Amino acid sequence: MDAEEILTGLGEERARAVALVAEAATLDDLREAEVRVLGRKAAVPRIQRSLGDLAPDERREVGRAVNEAFEAIRAALEARRSELEGAREAEFAESDRIDVTLPGRRLPEGSLHVLTQTERLIVDTFTALGYRVLEGPEIETDWYNFEALNIPPDHPARTMQDTLYVEWPGRSDLLLRTQTSPMQIKAMETSEPPIYVVVPGRTYRHDTLDPTHSPVFHQVEGFAVDQGLSLADMKGTLEEWAKAIFGPDQVVRLRPSFFPFVEPGAEVDVSCFSCGGSGCRICGNGWLEIMGAGMVHPKVLENGGIDPERYTGYAWGMGVERIAMLRHDIPDIRLFYEGDVRFLEQFVGGSA
């Protein structure tokens, strides 16, 4: 094939390639067209590879025509790409256009976590009775968490199996508090009786996560020191709280129990709010255990700088998770921490 025939064919292929590019309706079509007109098997690149077979004079003439063909095809590709991208942007802009005459879209309603709702409800009930709120650090010393509360060094609660200790250079007495009770001592150290405080907070124990236990949980501690306080005062306080939380017909029952920091100590039960005390799936025997309580041990009063001959006190501590589980009939404590929106949205806008 001589140079004239090559030039004629090249002109035809150039025109065909430009027309093919112009027919591309989408960017994907354009990419396919680019391969067909500039790919290794396309006519113009194939002619370029055959230039070595031509005489020098013919090679210069055909080579110039090949370069012009490449430039024309690439220019057609760039122009068509700009057109298609502009059309796509215009389409996106139209779809994203804001109609200012439309009513606003209401965002999904958020809410406090059910544990926060429950904790606030518990605390608000006691503040309505005249108690003030205290908060304390989550990292405590052995003195405030154990020794000052009359928990001796050989008590099993101090073991690594029950308590999470904190490694800190030069300190061996730091731990993650196992209860909010350390604030009893701090309240007595910083305040003169009468003292009526309630202490909400996060606590930690070396427990395995299961349906009824968690290594991180929440407590609300109550504490009162005054002249002449008795077990009857404590029971009356807790009964008023139970009526506010579980309903006006609730009755509180005290069962003897032992806690190192109170004497006497008691487990506090409330009559079942589901069956009214007749016995059901929730309570079993008509009563629900809700907290531990008792009269503050004289040794604890002394450690807080209070004269036990002049003052008496009572204290109680309850788990926020347990109260929430009882109020809402929740069978598994892990549901509080898993972040499942299907579970949490049941409490949106509620007051626990």
# chains A, B, ... in the order shown; residues from 1 in each chain; ligands from 1
call {"tool": "residues_around", "arguments": {"residues": "stretch 138-140 of chain A", "least_positions_apart": "2", "cutoff": "6 Å", "atoms": "only C-alpha atoms", "output": "PyMOL selection string"}}
result
chain A and resi 174-177
call {"tool": "write_last_selection", "arguments": {"atoms": "C-alpha atoms", "output": "short mmCIF file (atom, residue, chain, number, x, y, z; two decimals), in the first residue's frame"}}
result
data_model
loop_
_atom_site.label_atom_id
_atom_site.label_comp_id
_atom_site.auth_asym_id
_atom_site.auth_seq_id
_atom_site.Cartn_x
_atom_site.Cartn_y
_atom_site.Cartn_z
CA LEU A 174 -5.26 3.17 94.09
CA LEU A 175 -8.27 1.34 92.66
CA LEU A 176 -11.42 1.83 90.61
CA ARG A 177 -14.09 2.38 93.23
#
call {"tool": "residues_around", "arguments": {"residues": "A:Ala24", "least_positions_apart": "3", "cutoff": "10 Å", "atoms": "only C-alpha atoms", "output": "VMD selection string"}}
result
chain A and resid 19 to 21 27 to 34 77 80 to 81 84
call {"tool": "select_by_dssp", "arguments": {"residues": "stretch 120-286 of chain A", "states": "strand (DSSP E)", "output": "ChimeraX atom specification"}}
result
/A:132-133,139-141,174-176,195-204,216-226,252-259,262-271
call {"tool": "residues_around", "arguments": {"residues": "A:Gly277", "least_positions_apart": "5", "cutoff": "7 Å", "atoms": "only C-alpha atoms", "output": "PyMOL selection string"}}
result
chain A and resi 271-272+286-287
call {"tool": "write_last_selection", "arguments": {"atoms": "N, CA and C atoms", "output": "CSV table (one decimal), in the first residue's frame"}}
result
chain,number,residue,atom,x,y,z
A,271,SER,N,-42.6,-4.4,97.9
A,271,SER,CA,-43.7,-5.2,97.4
A,271,SER,C,-43.8,-5.1,95.9
A,272,CYS,N,-44.1,-6.3,95.3
A,272,CYS,CA,-44.0,-6.4,93.8
A,272,CYS,C,-45.1,-5.4,93.2
A,286,GLY,N,-43.8,-12.3,95.8
A,286,GLY,CA,-44.5,-11.1,96.2
A,286,GLY,C,-43.6,-9.9,96.6
A,287,TRP,N,-42.2,-10.2,96.7
A,287,TRP,CA,-41.3,-9.1,97.1
A,287,TRP,C,-40.1,-9.0,96.1
call {"tool": "closest_residue", "arguments": {"among": "A:Ala76, A:Cys275, A:Ile245, A:Met318", "to": "A:Ile290", "atoms": "only C-alpha atoms"}}
result
A:Met318
call {"tool": "residues_around", "arguments": {"residues": "stretch 257-265 of chain A", "least_positions_apart": "3", "cutoff": "6 Å", "atoms": "only C-alpha atoms", "output": "short mmCIF file (atom, residue, chain, number, x, y, z; two decimals) with N, CA and C atoms, in the first residue's frame"}}
result
data_model
loop_
_atom_site.label_atom_id
_atom_site.label_comp_id
_atom_site.auth_asym_id
_atom_site.auth_seq_id
_atom_site.Cartn_x
_atom_site.Cartn_y
_atom_site.Cartn_z
N LEU A 149 -14.38 2.50 105.69
CA LEU A 149 -15.74 1.95 105.73
C LEU A 149 -15.80 0.66 106.53
N ASN A 150 -14.77 0.44 107.35
CA ASN A 150 -14.75 -0.71 108.27
C ASN A 150 -14.65 -2.05 107.52
N ILE A 151 -14.01 -2.03 106.36
CA ILE A 151 -13.76 -3.26 105.61
C ILE A 151 -12.31 -3.64 105.85
N ALA A 293 -28.96 -1.69 102.98
CA ALA A 293 -29.04 -0.48 103.80
C ALA A 293 -28.71 -0.83 105.26
N GLY A 294 -28.73 0.19 106.10
CA GLY A 294 -28.50 -0.05 107.53
C GLY A 294 -28.09 1.22 108.25
N MET A 295 -27.92 1.08 109.57
CA MET A 295 -27.46 2.19 110.40
C MET A 295 -25.94 2.26 110.32
N VAL A 296 -25.42 3.46 110.11
CA VAL A 296 -23.97 3.63 109.91
C VAL A 296 -23.21 3.12 111.14
N HIS A 297 -22.21 2.29 110.89
CA HIS A 297 -21.40 1.71 111.96
C HIS A 297 -20.68 2.82 112.74
#
call {"tool": "select_by_dssp", "arguments": {"residues": "stretch 34-188 of chain A", "states": "alpha helix (DSSP H)", "output": "PyMOL selection string"}}
result
chain A and resi 34-38+43-49+56-95+114-127+142-145+182-188
call {"tool": "residues_around", "arguments": {"residues": "A:Val216", "least_positions_apart": "2", "cutoff": "8 Å", "atoms": "only C-alpha atoms", "output": "PyMOL selection string"}}
result
chain A and resi 202-205+214+218
call {"tool": "residues_around", "arguments": {"residues": "A:Lys243", "least_positions_apart": "3", "cutoff": "12 Å", "atoms": "only C-alpha atoms", "output": "PyMOL selection string"}}
result
chain A and resi 122+125-126+236-240+246-252+270-273
call {"tool": "write_last_selection", "arguments": {"atoms": "C-alpha atoms", "output": "tab-separated table (two decimals), in the first residue's frame"}}
result
chain	number	residue	atom	x	y	z
A	122	ILE	CA	-33.84	8.24	91.63
A	125	THR	CA	-36.84	11.67	94.35
A	126	PHE	CA	-34.32	12.08	97.18
A	236	GLY	CA	-39.78	5.75	106.22
A	237	THR	CA	-37.41	7.50	103.81
A	238	LEU	CA	-37.02	4.43	101.63
A	239	GLU	CA	-40.74	3.78	101.65
A	240	GLU	CA	-41.42	7.29	100.36
A	246	PHE	CA	-42.84	2.10	91.80
A	247	GLY	CA	-46.27	3.45	92.73
A	248	PRO	CA	-48.23	4.77	95.72
A	249	ASP	CA	-49.22	1.34	97.06
A	250	GLN	CA	-45.70	0.07	97.66
A	251	VAL	CA	-44.58	-1.30	101.02
A	252	VAL	CA	-40.97	-1.70	102.12
A	270	VAL	CA	-40.35	-3.61	97.99
A	271	SER	CA	-43.71	-5.23	97.40
A	272	CYS	CA	-44.04	-6.35	93.80
A	273	PHE	CA	-45.57	-3.61	91.69
call {"tool": "residues_around", "arguments": {"residues": "A:Gly339", "least_positions_apart": "5", "cutoff": "10 Å", "atoms": "only C-alpha atoms", "output": "ChimeraX atom specification"}}
result
/A:113,334,344
call {"tool": "write_last_selection", "arguments": {"atoms": "N, CA and C atoms", "output": "PDB file, in the first residue's frame"}}
result
ATOM      1  N   HIS A 113     -30.065   8.278  77.631  1.00  0.00           N
ATOM      2  CA  HIS A 113     -30.042   6.825  77.789  1.00  0.00           C
ATOM      3  C   HIS A 113     -30.946   6.436  78.948  1.00  0.00           C
ATOM      4  N   ARG A 334     -27.029  -6.667  79.786  1.00  0.00           N
ATOM      5  CA  ARG A 334     -26.180  -6.345  78.642  1.00  0.00           C
ATOM      6  C   ARG A 334     -26.890  -5.469  77.614  1.00  0.00           C
ATOM      7  N   LEU A 344     -33.008   0.930  72.543  1.00  0.00           N
ATOM      8  CA  LEU A 344     -32.931   2.252  73.158  1.00  0.00           C
ATOM      9  C   LEU A 344     -34.078   3.161  72.751  1.00  0.00           C
TER      10      LEU A 344
END
call {"tool": "atom_distance", "arguments": {"atom1": "atom CA of A:Ile282", "atom2": "atom CA of A:Pro331"}}
result
9.8 Å
call {"tool": "closest_residue", "arguments": {"among": "A:Thr159, A:Thr141, A:Ser278, A:Gln219", "to": "A:Gln179", "atoms": "only C-alpha atoms"}}
result
A:Gln219
call {"tool": "atom_distance", "arguments": {"atom1": "atom CA of A:Asp162", "atom2": "atom CA of A:Asp207"}}
result
7.1 Å
call {"tool": "atom_distance", "arguments": {"atom1": "atom CA of A:Val225", "atom2": "atom CA of A:Gln117"}}
result
27.9 Å
call {"tool": "closest_residue", "arguments": {"among": "A:Gly136, A:Pro298, A:Pro169, A:Pro152", "to": "A:Pro182", "atoms": "only C-alpha atoms"}}
result
A:Gly136
call {"tool": "closest_atom_pairs", "arguments": {"of": "stretch 159-246 of chain A", "to": "stretch 301-316 of chain A", "cutoff": "7 Å", "atoms": "only C-alpha atoms", "output": "JSON lines"}}
result
{"residue": "A:Ile185", "atom": "CA", "partner": "A:Gly304", "partner_atom": "CA", "distance": 4.8}
{"residue": "A:Met188", "atom": "CA", "partner": "A:Gly304", "partner_atom": "CA", "distance": 5.0}
{"residue": "A:Glu189", "atom": "CA", "partner": "A:Gly304", "partner_atom": "CA", "distance": 5.4}
{"residue": "A:Glu221", "atom": "CA", "partner": "A:Trp316", "partner_atom": "CA", "distance": 5.8}
{"residue": "A:Gly222", "atom": "CA", "partner": "A:Trp316", "partner_atom": "CA", "distance": 5.2}
{"residue": "A:Phe223", "atom": "CA", "partner": "A:Ala315", "partner_atom": "CA", "distance": 4.4}
{"residue": "A:Ala224", "atom": "CA", "partner": "A:Gly313", "partner_atom": "CA", "distance": 5.2}
{"residue": "A:Val225", "atom": "CA", "partner": "A:Gly313", "partner_atom": "CA", "distance": 4.1}
{"residue": "A:Asp226", "atom": "CA", "partner": "A:Tyr311", "partner_atom": "CA", "distance": 5.5}
{"residue": "A:Gln227", "atom": "CA", "partner": "A:Tyr311", "partner_atom": "CA", "distance": 4.7}
{"residue": "A:Gly228", "atom": "CA", "partner": "A:Thr312", "partner_atom": "CA", "distance": 6.3}
{"residue": "A:Leu229", "atom": "CA", "partner": "A:Thr312", "partner_atom": "CA", "distance": 5.6}
{"residue": "A:Met234", "atom": "CA", "partner": "A:Tyr314", "partner_atom": "CA", "distance": 6.3}
call {"tool": "write_last_selection", "arguments": {"atoms": "N, CA and C atoms", "output": "JSON list (two decimals), in the first residue's frame"}}
result
[["chain", "number", "residue", "atom", "x", "y", "z"],
["A", 185, "ILE", "N", -17.48, 9.06, 103.81],
["A", 185, "ILE", "CA", -16.38, 9.59, 104.61],
["A", 185, "ILE", "C", -16.06, 11.02, 104.21],
["A", 188, "MET", "N", -18.56, 13.49, 105.55],
["A", 188, "MET", "CA", -18.39, 13.76, 106.98],
["A", 188, "MET", "C", -17.14, 14.60, 107.26],
["A", 189, "GLU", "N", -16.10, 14.42, 106.44],
["A", 189, "GLU", "CA", -14.87, 15.20, 106.64],
["A", 189, "GLU", "C", -15.07, 16.67, 106.28],
["A", 221, "GLU", "N", -25.93, 6.16, 96.06],
["A", 221, "GLU", "CA", -25.71, 6.00, 97.50],
["A", 221, "GLU", "C", -26.50, 7.07, 98.23],
["A", 222, "GLY", "N", -27.13, 6.70, 99.32],
["A", 222, "GLY", "CA", -27.79, 7.67, 100.18],
["A", 222, "GLY", "C", -27.18, 7.62, 101.57],
["A", 223, "PHE", "N", -27.14, 8.77, 102.23],
["A", 223, "PHE", "CA", -26.41, 8.84, 103.51],
["A", 223, "PHE", "C", -26.97, 9.99, 104.34],
["A", 224, "ALA", "N", -27.24, 9.71, 105.60],
["A", 224, "ALA", "CA", -27.76, 10.74, 106.49],
["A", 224, "ALA", "C", -27.11, 10.62, 107.86],
["A", 225, "VAL", "N", -26.71, 11.73, 108.44],
["A", 225, "VAL", "CA", -26.15, 11.77, 109.80],
["A", 225, "VAL", "C", -26.81, 12.94, 110.53],
["A", 226, "ASP", "N", -27.39, 12.63, 111.68],
["A", 226, "ASP", "CA", -28.07, 13.68, 112.46],
["A", 226, "ASP", "C", -28.27, 13.14, 113.87],
["A", 227, "GLN", "N", -28.74, 13.96, 114.75],
["A", 227, "GLN", "CA", -29.04, 13.51, 116.11],
["A", 227, "GLN", "C", -30.36, 12.75, 116.13],
["A", 228, "GLY", "N", -30.35, 11.59, 116.74],
["A", 228, "GLY", "CA", -31.58, 10.85, 116.96],
["A", 228, "GLY", "C", -32.11, 10.07, 115.79],
["A", 229, "LEU", "N", -31.34, 9.90, 114.73],
["A", 229, "LEU", "CA", -31.83, 9.11, 113.59],
["A", 229, "LEU", "C", -31.91, 7.63, 113.98],
["A", 234, "MET", "N", -34.96, 5.60, 108.52],
["A", 234, "MET", "CA", -34.47, 5.07, 107.26],
["A", 234, "MET", "C", -35.58, 4.35, 106.50]]
call {"tool": "closest_residue", "arguments": {"among": "A:Glu192, A:Glu267, A:Glu4, A:Asp340", "to": "A:Arg59", "atoms": "only C-alpha atoms"}}
result
A:Glu4
